[in-house]
file model_32.csv (CSV, C-alpha atoms)
chain,number,residue,atom,x,y,z
A,28,MET,CA,0.0,0.0,0.0
A,29,VAL,CA,1.3,3.5,-0.8
A,30,SER,CA,2.4,5.4,2.3
A,31,ARG,CA,0.9,8.6,3.6
A,32,ALA,CA,4.1,10.4,2.8
A,33,ALA,CA,3.9,9.3,-0.9
A,34,ILE,CA,0.3,10.4,-1.2
A,35,VAL,CA,1.2,13.8,0.4
A,36,LEU,CA,4.0,14.2,-2.2
A,37,LEU,CA,1.5,13.2,-5.0
A,38,ILE,CA,-1.0,15.8,-3.9
A,39,GLY,CA,1.8,18.4,-3.8
A,40,LEU,CA,2.9,17.4,-7.3
A,41,LEU,CA,-0.6,17.7,-8.6
A,42,GLY,CA,-0.9,21.1,-7.0
A,43,MET,CA,2.3,22.3,-8.6
A,44,VAL,CA,1.3,21.3,-12.1
A,45,TYR,CA,-2.0,23.1,-11.5
A,46,GLN,CA,-0.6,26.2,-10.1
A,47,ALA,CA,1.6,26.8,-13.1
A,48,THR,CA,-1.5,27.7,-15.1
A,49,GLN,CA,-4.0,29.3,-12.8
A,50,LEU,CA,-6.6,30.8,-12.8
A,51,PRO,CA,-9.5,28.3,-12.9
A,52,PRO,CA,-13.0,29.5,-13.5
A,53,PRO,CA,-15.5,29.6,-10.6
A,54,ASN,CA,-17.5,26.6,-12.1
A,55,LEU,CA,-16.1,23.5,-13.7
A,56,ASN,CA,-19.0,21.5,-15.0
A,57,ASP,CA,-20.5,20.0,-18.1
A,58,SER,CA,-22.9,21.9,-20.4
A,59,SER,CA,-26.1,20.7,-18.7
A,60,ASP,CA,-29.1,23.0,-18.8
A,61,ASP,CA,-28.6,24.3,-15.3
A,62,ILE,CA,-25.1,25.7,-16.1
A,63,HIS,CA,-25.1,29.4,-17.0
A,64,VAL,CA,-22.7,29.7,-19.9
A,65,VAL,CA,-21.4,33.3,-20.3
A,66,SER,CA,-18.5,32.8,-22.8
A,67,PRO,CA,-18.7,32.3,-26.5
A,68,ARG,CA,-18.5,28.7,-27.7
A,69,ILE,CA,-18.2,26.7,-30.9
A,70,ARG,CA,-19.8,23.4,-31.6
A,71,LEU,CA,-17.4,20.7,-32.7
A,72,GLY,CA,-18.1,18.0,-35.2
A,73,ASP,CA,-18.8,15.5,-32.5
A,74,GLY,CA,-21.3,17.7,-30.9
A,75,ARG,CA,-19.2,18.9,-28.0
A,76,TYR,CA,-18.9,22.6,-27.2
A,77,LEU,CA,-15.6,24.5,-26.6
A,78,ALA,CA,-15.7,27.8,-24.8
A,79,TYR,CA,-13.1,30.5,-25.7
A,80,ARG,CA,-12.0,34.1,-25.2
A,81,GLU,CA,-10.2,36.5,-27.5
A,82,ARG,CA,-7.5,39.1,-26.6
A,83,GLY,CA,-5.2,41.4,-28.4
A,84,VAL,CA,-5.9,43.1,-31.8
A,85,LEU,CA,-8.7,42.0,-34.1
A,86,LYS,CA,-7.9,38.8,-35.9
A,87,ASP,CA,-8.5,40.3,-39.3
A,88,LYS,CA,-5.9,43.0,-38.5
A,89,ALA,CA,-3.4,40.8,-36.7
A,90,LYS,CA,0.0,39.9,-38.1
A,91,HIS,CA,0.3,37.0,-35.7
A,92,ARG,CA,-2.4,34.7,-34.3
A,93,ILE,CA,-1.7,32.6,-31.2
A,94,ILE,CA,-3.6,29.9,-29.5
A,95,ILE,CA,-2.7,29.4,-25.8
A,96,VAL,CA,-3.3,26.0,-24.2
A,97,HIS,CA,-3.8,25.9,-20.5
A,98,GLY,CA,-2.7,23.1,-18.2
A,99,PHE,CA,-4.0,20.9,-15.5
A,100,GLY,CA,-6.9,22.3,-13.5
A,101,SER,CA,-6.8,25.7,-15.3
A,102,SER,CA,-8.9,27.4,-17.9
A,103,LYS,CA,-9.0,29.9,-20.7
A,104,ASP,CA,-8.8,32.6,-18.0
A,105,MET,CA,-5.2,31.7,-17.1
A,106,ASN,CA,-2.8,34.6,-16.9
A,107,PHE,CA,-0.4,35.2,-19.8
A,108,LEU,CA,1.3,38.4,-18.7
A,109,ALA,CA,2.4,40.0,-21.9
A,110,PRO,CA,1.7,43.7,-21.7
A,111,GLN,CA,-0.9,45.2,-23.9
A,112,GLU,CA,1.6,47.6,-25.4
A,113,LEU,CA,3.7,44.8,-26.7
A,114,ILE,CA,0.7,42.9,-28.0
A,115,ASP,CA,-0.4,46.0,-29.9
A,116,GLU,CA,3.1,46.7,-31.2
A,117,LEU,CA,3.5,43.2,-32.6
A,118,SER,CA,-0.1,43.1,-33.8
A,119,VAL,CA,-1.0,39.9,-31.9
A,120,TYR,CA,-4.3,38.2,-31.7
A,121,ILE,CA,-4.6,35.7,-28.8
A,122,LEU,CA,-7.1,32.9,-28.6
A,123,GLN,CA,-7.5,31.1,-25.2
A,124,TYR,CA,-10.0,28.2,-24.8
A,125,ASP,CA,-11.3,25.8,-22.2
A,126,ARG,CA,-9.9,22.3,-23.0
A,127,ALA,CA,-12.5,19.5,-22.9
A,128,GLY,CA,-14.2,19.2,-19.5
A,129,TYR,CA,-12.7,22.5,-18.1
A,130,GLY,CA,-14.5,25.7,-17.5
A,131,GLU,CA,-17.5,26.0,-19.9
A,132,SER,CA,-16.4,23.3,-22.4
A,133,ASP,CA,-18.0,19.9,-22.6
A,134,PRO,CA,-16.1,16.9,-21.3
A,135,ASN,CA,-14.7,14.5,-23.9
A,136,PRO,CA,-14.9,10.9,-22.6
A,137,LYS,CA,-12.7,9.9,-25.5
A,138,ARG,CA,-10.0,12.4,-24.7
A,139,SER,CA,-6.7,11.5,-26.4
A,140,LEU,CA,-3.5,13.0,-27.6
A,141,LYS,CA,-4.9,13.3,-31.1
A,142,SER,CA,-8.3,14.7,-29.9
A,143,GLU,CA,-6.4,17.6,-28.2
A,144,ALA,CA,-4.7,18.6,-31.4
A,145,LEU,CA,-7.9,18.2,-33.5
A,146,ASP,CA,-9.8,20.4,-31.0
A,147,ILE,CA,-7.3,23.1,-31.6
A,148,GLU,CA,-7.4,22.7,-35.4
A,149,GLU,CA,-11.2,22.8,-35.4
A,150,LEU,CA,-11.3,25.8,-33.1
A,151,ALA,CA,-8.9,27.7,-35.4
A,152,ASP,CA,-11.0,26.7,-38.5
A,153,GLN,CA,-14.4,27.7,-37.1
A,154,LEU,CA,-13.0,31.0,-35.9
A,155,GLN,CA,-11.3,31.5,-39.2
A,156,ILE,CA,-7.9,32.6,-37.8
A,157,GLY,CA,-6.0,31.4,-40.9
A,158,SER,CA,-4.3,28.4,-42.3
A,159,LYS,CA,-1.2,28.9,-40.0
A,160,PHE,CA,-1.2,29.8,-36.3
A,161,TYR,CA,1.1,29.7,-33.3
A,162,VAL,CA,0.5,27.5,-30.3
A,163,ILE,CA,1.8,28.1,-26.8
A,164,GLY,CA,1.4,25.3,-24.3
A,165,VAL,CA,1.8,25.9,-20.5
A,166,SER,CA,2.8,23.1,-18.1
A,167,MET,CA,0.6,20.1,-18.7
A,168,GLY,CA,-1.0,21.9,-21.7
A,169,SER,CA,2.3,21.1,-23.4
A,170,TYR,CA,1.2,17.6,-24.2
A,171,ALA,CA,-1.4,19.1,-26.5
A,172,THR,CA,1.4,21.2,-28.0
A,173,TRP,CA,3.5,18.1,-28.7
A,174,SER,CA,0.4,16.5,-30.2
A,175,CYS,CA,0.0,19.5,-32.6
A,176,LEU,CA,3.7,19.0,-33.7
A,177,ASN,CA,2.9,15.4,-34.5
A,178,TYR,CA,-0.7,15.5,-35.9
A,179,ILE,CA,-1.1,19.0,-37.4
A,180,PRO,CA,2.4,20.3,-38.2
A,181,ASN,CA,1.2,21.8,-41.4
A,182,ARG,CA,-1.1,24.2,-39.5
A,183,LEU,CA,1.6,25.6,-37.3
A,184,ALA,CA,3.5,28.9,-37.7
A,185,GLY,CA,5.5,28.3,-34.5
A,186,VAL,CA,5.4,26.7,-31.1
A,187,ALA,CA,6.4,27.5,-27.5
A,188,MET,CA,6.2,25.3,-24.5
A,189,ILE,CA,6.5,26.8,-21.0
A,190,ALA,CA,7.6,24.5,-18.2
A,191,PRO,CA,6.3,21.5,-20.2
A,192,VAL,CA,5.6,18.4,-18.2
A,193,ILE,CA,7.6,15.3,-19.1
A,194,ASN,CA,6.1,11.9,-19.6
A,195,TYR,CA,8.5,9.4,-18.0
A,196,GLU,CA,7.3,6.7,-20.3
A,197,TRP,CA,8.7,8.2,-23.5
A,198,PRO,CA,10.9,5.4,-25.0
A,199,SER,CA,13.8,7.8,-25.7
A,200,LEU,CA,14.3,8.8,-22.1
A,201,PRO,CA,17.4,6.9,-20.8
A,202,GLU,CA,16.7,4.9,-17.7
A,203,SER,CA,19.9,6.3,-16.1
A,204,LEU,CA,18.3,9.8,-16.3
A,205,VAL,CA,15.0,8.9,-14.6
A,206,ARG,CA,15.7,5.8,-12.5
A,207,GLU,CA,16.0,7.6,-9.2
A,208,ASP,CA,13.5,10.4,-9.9
A,209,TYR,CA,10.8,10.3,-7.2
A,210,ARG,CA,8.4,12.0,-9.6
A,211,LYS,CA,8.4,9.0,-11.9
A,212,LYS,CA,7.4,6.8,-9.1
A,213,LEU,CA,4.6,9.1,-7.9
A,214,ILE,CA,3.2,9.4,-11.4
A,215,GLN,CA,3.2,5.6,-11.8
A,216,TRP,CA,1.3,5.3,-8.6
A,217,ALA,CA,-1.2,7.9,-9.6
A,218,LEU,CA,-1.7,6.2,-13.0
A,219,TRP,CA,-2.2,2.8,-11.4
A,220,PHE,CA,-4.9,4.1,-9.1
A,221,ALA,CA,-6.5,6.2,-11.9
A,222,ASN,CA,-6.7,3.2,-14.1
A,223,TYR,CA,-7.6,0.4,-11.7
A,224,SER,CA,-9.0,2.0,-8.6
A,225,PRO,CA,-10.4,5.5,-9.3
A,226,ARG,CA,-12.9,5.3,-6.4
A,227,LEU,CA,-10.1,4.7,-4.0
A,228,LEU,CA,-8.1,7.5,-5.5
A,229,HIS,CA,-11.2,9.8,-5.2
A,230,TRP,CA,-11.6,8.9,-1.6
A,231,TRP,CA,-7.9,9.4,-0.8
A,232,VAL,CA,-7.6,12.9,-2.3
A,233,THR,CA,-10.5,14.2,-0.2
A,234,GLN,CA,-9.3,12.9,3.1
A,235,LYS,CA,-8.9,15.3,6.0
A,236,TRP,CA,-5.4,14.1,6.9
A,237,LEU,CA,-4.0,15.3,3.6
A,238,PRO,CA,-2.2,18.7,3.8
A,239,SER,CA,-4.2,21.8,3.1
A,240,ASN,CA,-3.5,23.9,0.1
A,241,SER,CA,-2.0,26.6,2.2
A,242,VAL,CA,0.5,24.1,3.6
A,243,ILE,CA,1.5,22.8,0.2
A,244,GLU,CA,2.0,26.4,-1.1
A,245,LYS,CA,4.6,27.1,1.5
A,246,ASN,CA,6.5,23.8,1.2
A,247,PRO,CA,10.0,24.3,-0.3
A,248,ALA,CA,9.9,20.6,-1.4
A,249,PHE,CA,7.4,21.7,-4.0
A,250,PHE,CA,8.4,25.3,-4.8
A,251,ASN,CA,11.6,27.3,-5.0
A,252,LYS,CA,11.9,30.7,-3.4
A,253,ARG,CA,10.7,32.7,-6.4
A,254,ASP,CA,7.6,30.4,-6.8
A,255,ILE,CA,6.7,30.9,-3.1
A,256,ASP,CA,7.0,34.7,-3.6
A,257,ILE,CA,4.7,34.4,-6.6
A,258,LEU,CA,2.2,32.4,-4.6
A,259,LYS,CA,1.8,35.3,-2.2
A,260,THR,CA,0.3,37.4,-5.1
A,261,ILE,CA,-1.9,34.9,-7.0
A,262,PRO,CA,-4.7,32.5,-6.0
A,263,GLY,CA,-3.8,29.2,-4.6
A,264,PHE,CA,-5.3,25.8,-5.5
A,265,PRO,CA,-9.1,26.4,-5.5
A,266,MET,CA,-9.8,23.5,-7.9
A,267,LEU,CA,-7.8,21.1,-5.8
A,268,THR,CA,-9.6,21.7,-2.5
A,269,LYS,CA,-11.2,18.7,-1.0
A,270,ASP,CA,-14.7,20.1,-1.5
A,271,LYS,CA,-14.0,20.7,-5.2
A,272,LEU,CA,-12.5,17.3,-5.7
A,273,LYS,CA,-15.6,15.7,-4.3
A,274,GLU,CA,-17.5,16.8,-7.4
A,275,GLN,CA,-17.4,13.9,-9.7
A,276,VAL,CA,-17.2,16.0,-12.9
A,277,VAL,CA,-14.1,17.8,-11.5
A,278,PHE,CA,-12.4,14.6,-10.5
A,279,ASP,CA,-13.2,12.8,-13.7
A,280,THR,CA,-11.8,15.7,-15.8
A,281,LEU,CA,-8.6,15.9,-13.8
A,282,ARG,CA,-8.2,12.1,-13.8
A,283,GLY,CA,-8.7,11.8,-17.6
A,284,ASP,CA,-6.3,14.7,-18.3
A,285,TRP,CA,-3.7,13.1,-16.1
A,286,MET,CA,-4.1,9.7,-17.7
A,287,VAL,CA,-3.6,11.0,-21.2
A,288,ALA,CA,-0.6,13.3,-20.3
A,289,PHE,CA,1.3,10.5,-18.5
A,290,GLY,CA,-0.1,7.4,-20.1
A,291,ASN,CA,1.3,5.6,-23.2
A,292,TRP,CA,1.7,7.9,-26.1
A,293,GLU,CA,1.2,6.9,-29.8
A,294,PHE,CA,4.4,8.6,-30.7
A,295,ASP,CA,7.7,9.5,-29.2
A,296,PRO,CA,8.3,13.3,-29.2
A,297,MET,CA,12.0,12.8,-29.5
A,298,LYS,CA,11.5,11.0,-32.9
A,299,LEU,CA,9.6,14.0,-34.4
A,300,SER,CA,11.0,15.8,-37.4
A,301,ASN,CA,11.4,19.5,-37.6
A,302,PRO,CA,8.2,20.9,-39.1
A,303,PHE,CA,10.1,24.1,-40.0
A,304,PRO,CA,13.3,22.8,-41.8
A,305,GLN,CA,14.0,26.3,-43.2
A,306,ASN,CA,13.9,28.1,-39.9
A,307,ARG,CA,15.4,26.9,-36.6
A,308,SER,CA,13.7,29.6,-34.5
A,309,LEU,CA,10.1,28.6,-34.5
A,310,VAL,CA,9.9,25.9,-31.7
A,311,HIS,CA,10.9,26.9,-28.2
A,312,ILE,CA,11.1,25.3,-24.7
A,313,TRP,CA,11.1,27.6,-21.6
A,314,GLN,CA,12.3,26.0,-18.4
A,315,GLY,CA,13.1,27.0,-14.8
A,316,TYR,CA,16.5,25.7,-13.7
A,317,GLU,CA,15.1,25.1,-10.2
A,318,ASP,CA,11.8,23.6,-11.4
A,319,LYS,CA,10.8,20.9,-8.9
A,320,VAL,CA,8.1,19.5,-11.1
A,321,VAL,CA,10.2,18.8,-14.2
A,322,PRO,CA,14.0,18.7,-13.5
A,323,SER,CA,15.8,20.9,-15.9
A,324,GLN,CA,18.4,18.2,-16.7
A,325,ILE,CA,15.6,16.1,-18.3
A,326,GLN,CA,14.3,19.1,-20.2
A,327,ARG,CA,17.8,19.8,-21.4
A,328,PHE,CA,18.2,16.2,-22.6
A,329,VAL,CA,15.0,16.5,-24.6
A,330,SER,CA,16.2,19.7,-26.3
A,331,ARG,CA,19.5,18.2,-27.1
A,332,LYS,CA,17.8,15.2,-28.8
A,333,LEU,CA,15.8,17.7,-30.8
A,334,PRO,CA,18.3,20.3,-31.9
A,335,TRP,CA,15.7,22.2,-33.9
A,336,ILE,CA,14.1,23.2,-30.6
A,337,LEU,CA,15.5,26.4,-29.0
A,338,TYR,CA,15.9,25.9,-25.3
A,339,HIS,CA,15.7,28.8,-22.8
A,340,GLU,CA,16.2,28.6,-19.1
A,341,VAL,CA,15.4,30.9,-16.2
A,342,PRO,CA,18.4,30.5,-13.8
A,343,ASP,CA,16.5,31.0,-10.6
A,344,GLY,CA,13.2,29.9,-12.0
A,345,GLY,CA,10.8,27.2,-10.6
A,346,HIS,CA,7.7,25.8,-12.2
A,347,LEU,CA,5.7,29.0,-12.1
A,348,ILE,CA,7.9,30.9,-14.6
A,349,VAL,CA,4.9,31.9,-16.7
A,350,HIS,CA,4.1,34.4,-13.8
A,351,TYR,CA,7.6,35.9,-13.7
A,352,SER,CA,7.8,39.5,-14.7
A,353,GLY,CA,9.1,40.0,-18.2
A,354,LEU,CA,9.1,36.3,-19.3
A,355,CYS,CA,6.0,36.5,-21.5
A,356,ASP,CA,7.5,39.5,-23.3
A,357,ALA,CA,10.6,37.4,-24.0
A,358,ILE,CA,8.6,34.5,-25.1
A,359,LEU,CA,6.6,36.5,-27.7
A,360,LYS,CA,9.7,38.3,-29.0
A,361,ALA,CA,11.6,35.0,-29.4
A,362,LEU,CA,8.6,33.2,-31.0
A,363,LEU,CA,7.5,36.0,-33.3
A,364,LEU,CA,10.6,38.0,-34.0
A,365,GLY,CA,13.4,35.5,-33.4
A,366,GLU,CA,15.0,37.7,-30.7
A,367,GLU,CA,17.1,36.0,-28.1
A,368,ASN,CA,17.2,37.3,-24.6
A,369,LEU,CA,20.7,36.4,-23.3
A,370,SER,CA,19.4,36.3,-19.7
A,371,TYR,CA,17.7,33.0,-20.5
A,372,ARG,CA,20.5,31.3,-22.3
A,373,PRO,CA,21.3,28.1,-20.5
A,374,ARG,CA,24.7,27.4,-19.1
A,375,PRO,CA,26.3,25.0,-21.6
A,376,ALA,CA,28.7,23.5,-19.0
A,377,ILE,CA,26.0,21.6,-17.2
A,378,PHE,CA,24.1,20.3,-20.2
A,379,VAL,CA,23.3,16.6,-19.9
A,380,SER,CA,25.0,14.4,-22.4

call {"tool": "encode", "arguments": {"input": "model_32.csv", "output": "structure tokens"}}
result
Amino acid sequence: MVSRAAIVLLIGLLGMVYQATQLPPPNLNDSSDDIHVVSPRIRLGDGRYLAYRERGVLKDKAKHRIIIVHGFGSSKDMNFLAPQELIDELSVYILQYDRAGYGESDPNPKRSLKSEALDIEELADQLQIGSKFYVIGVSMGSYATWSCLNYIPNRLAGVAMIAPVINYEWPSLPESLVREDYRKKLIQWALWFANYSPRLLHWWVTQKWLPSNSVIEKNPAFFNKRDIDILKTIPGFPMLTKDKLKEQVVFDTLRGDWMVAFGNWEFDPMKLSNPFPQNRSLVHIWQGYEDKVVPSQIQRFVSRKLPWILYHEVPDGGHLIVHYSGLCDAILKALLLGEENLSYRPRPAIFVS
């Protein structure tokens, strides 16, 4: 049986992945008649609805059109802190949406890697944002971004992944790199319970003996110093409270998302080909060196296996780098203009071989 300490660490890890992409909406539910939908939505070919919000300049006037993919437990209302002045200067249209089961979007019982990419493609087509668009994935939302690189590369103008979560089952990850990583063991436990004993997992995560969110947020085992400072200025883990997790639709959405992100993938990201062979500045990974969700040495290994991905690193950054002042500016300038901010150049002496 899994120990209490392991479950505490698991809840903490879930919270960290969530916090990287706050904010969640006040209601996470399906589209039943008693839910008041306030956001615009599209109807997909399979009958599901996806809710979305638009920011920036008008899409018909924009030079660049970007779809932002939120992560675990978040929503289309997540913060992407690029200043309006820069958005106007670069003529950027930003489209954010609730992934299946989140916010005001309908659940997808058949959620998969491919369905995430096809949802993005259909959203872009129905809103007529053009044949090519950029995709930015945050934290666990990066698995949908990897899926876009595999399934719809012809639709992409460029890609950025911010603190992307690693799937420890990728075949190309060497055992020597991940063998002793406690995160791998926690994720394997979570997947086992999600697959074979979801009722027990549901019971566990709502127990009173588990630490409160306020305790998790102050724990240096989960967050580095800059992350803890950020947590003082933004909401905590409202979606991961015990009361919220008791709601079956919330638990089922989180469980399904986790299983796709960390389950068996139909492709190995490190076997992907460069979708932009004529331009090496169109796919980016942004990582905190002190990230306690995804170790930077693993992220560095991935970027070295795929030399067409530009790797950027925040020297004192944790998993919440998307909230750091100035980072979203640097991301947009790198992705759209090819500008490199030397402050985020990794130290080559400690790259993993």

call {"tool": "closest_residue", "arguments": {"input": "model_32.csv", "among": "A:Pro67, A:Pro302, A:Pro110, A:Gly72", "to": "Asn181 of chain A", "atoms": "all atoms listed in the file"}}
result
A:Pro302

call {"tool": "closest_residue", "arguments": {"input": "model_32.csv", "among": "A:Lys252, A:Arg372, A:Val205, A:Tyr124", "to": "Gln324 of chain A", "atoms": "all atoms listed in the file"}}
result
A:Val205

call {"tool": "closest_residue", "arguments": {"input": "model_32.csv", "among": "A:Lys212, A:Lys86, A:Arg126, A:His97", "to": "Gly157 of chain A", "atoms": "only C-alpha atoms"}}
result
A:Lys86

call {"tool": "closest_residue", "arguments": {"input": "model_32.csv", "among": "A:Pro180, A:Ala221, A:Ala109, A:Ser139", "to": "Ala357 of chain A", "atoms": "all atoms listed in the file"}}
result
A:Ala109

call {"tool": "atom_distance", "arguments": {"input": "model_32.csv", "atom1": "atom CA of Ala184 of chain A", "atom2": "atom CA of Leu309 of chain A"}}
result
7.3 Å

call {"tool": "closest_residue", "arguments": {"input": "model_32.csv", "among": "A:Leu176, A:Ile121, A:Leu108, A:Ala288", "to": "Arg138 of chain A", "atoms": "all atoms listed in the file"}}
result
A:Ala288

call {"tool": "closest_residue", "arguments": {"input": "model_32.csv", "among": "A:Glu112, A:Asp254, A:Asp284, A:Glu207", "to": "Leu140 of chain A", "atoms": "all atoms listed in the file"}}
result
A:Asp284

call {"tool": "decode", "arguments": {"input": "model_32.csv", "residues": "segment 198-207 of chain A", "atoms": "all heavy atoms", "output": "CSV table (one decimal), in the first residue's frame"}}
result
chain,number,residue,atom,x,y,z
A,198,PRO,N,9.9,6.5,-24.7
A,198,PRO,CA,10.9,5.4,-25.0
A,198,PRO,C,12.3,6.0,-25.0
A,198,PRO,O,13.3,5.3,-24.7
A,198,PRO,CB,10.5,4.8,-26.3
A,198,PRO,CG,9.0,5.1,-26.4
A,198,PRO,CD,8.8,6.4,-25.8
A,199,SER,N,12.5,7.2,-25.5
A,199,SER,CA,13.8,7.8,-25.7
A,199,SER,C,14.5,8.3,-24.5
A,199,SER,O,15.6,8.7,-24.5
A,199,SER,CB,13.8,8.8,-26.8
A,199,SER,OG,13.4,8.3,-28.0
A,200,LEU,N,13.7,8.4,-23.3
A,200,LEU,CA,14.3,8.8,-22.1
A,200,LEU,C,15.2,7.7,-21.5
A,200,LEU,O,14.7,6.6,-21.2
A,200,LEU,CB,13.3,9.2,-21.1
A,200,LEU,CG,12.6,10.6,-21.3
A,200,LEU,CD1,11.5,10.8,-20.1
A,200,LEU,CD2,13.6,11.7,-21.3
A,201,PRO,N,16.5,7.9,-21.4
A,201,PRO,CA,17.4,6.9,-20.8
A,201,PRO,C,17.0,6.6,-19.4
A,201,PRO,O,16.7,7.5,-18.6
A,201,PRO,CB,18.8,7.5,-21.0
A,201,PRO,CG,18.6,8.9,-21.0
A,201,PRO,CD,17.2,9.2,-21.7
A,202,GLU,N,17.0,5.3,-19.1
A,202,GLU,CA,16.7,4.9,-17.7
A,202,GLU,C,17.7,5.5,-16.7
A,202,GLU,O,17.3,5.8,-15.6
A,202,GLU,CB,16.8,3.3,-17.6
A,202,GLU,CG,16.5,2.8,-16.3
A,202,GLU,CD,15.1,3.0,-15.8
A,202,GLU,OE1,14.2,3.3,-16.7
A,202,GLU,OE2,14.8,3.0,-14.6
A,203,SER,N,18.9,5.7,-17.1
A,203,SER,CA,19.9,6.3,-16.1
A,203,SER,C,19.5,7.7,-15.7
A,203,SER,O,19.9,8.2,-14.7
A,203,SER,CB,21.3,6.3,-16.8
A,203,SER,OG,21.3,7.1,-18.0
A,204,LEU,N,18.7,8.4,-16.6
A,204,LEU,CA,18.3,9.8,-16.3
A,204,LEU,C,17.2,9.8,-15.3
A,204,LEU,O,17.0,10.8,-14.6
A,204,LEU,CB,18.0,10.5,-17.6
A,204,LEU,CG,17.7,12.0,-17.6
A,204,LEU,CD1,19.0,12.7,-17.1
A,204,LEU,CD2,17.3,12.5,-18.9
A,205,VAL,N,16.3,8.8,-15.4
A,205,VAL,CA,15.0,8.9,-14.6
A,205,VAL,C,14.9,7.9,-13.5
A,205,VAL,O,13.9,7.9,-12.8
A,205,VAL,CB,13.8,8.8,-15.6
A,205,VAL,CG1,13.9,10.0,-16.6
A,205,VAL,CG2,13.8,7.5,-16.3
A,206,ARG,N,15.8,6.9,-13.4
A,206,ARG,CA,15.7,5.8,-12.5
A,206,ARG,C,15.4,6.2,-11.1
A,206,ARG,O,14.5,5.7,-10.4
A,206,ARG,CB,16.9,4.9,-12.6
A,206,ARG,CG,16.8,3.7,-11.7
A,206,ARG,CD,18.1,2.9,-11.6
A,206,ARG,NE,18.5,2.5,-13.0
A,206,ARG,CZ,19.7,2.9,-13.6
A,206,ARG,NH1,20.4,3.8,-13.0
A,206,ARG,NH2,20.0,2.5,-14.8
A,207,GLU,N,16.1,7.2,-10.6
A,207,GLU,CA,16.0,7.6,-9.2
A,207,GLU,C,15.1,8.8,-9.0
A,207,GLU,O,15.0,9.3,-7.9
A,207,GLU,CB,17.4,7.9,-8.6
A,207,GLU,CG,18.4,6.7,-8.7
A,207,GLU,CD,17.9,5.5,-8.0
A,207,GLU,OE1,17.2,5.7,-6.9
A,207,GLU,OE2,18.1,4.4,-8.4
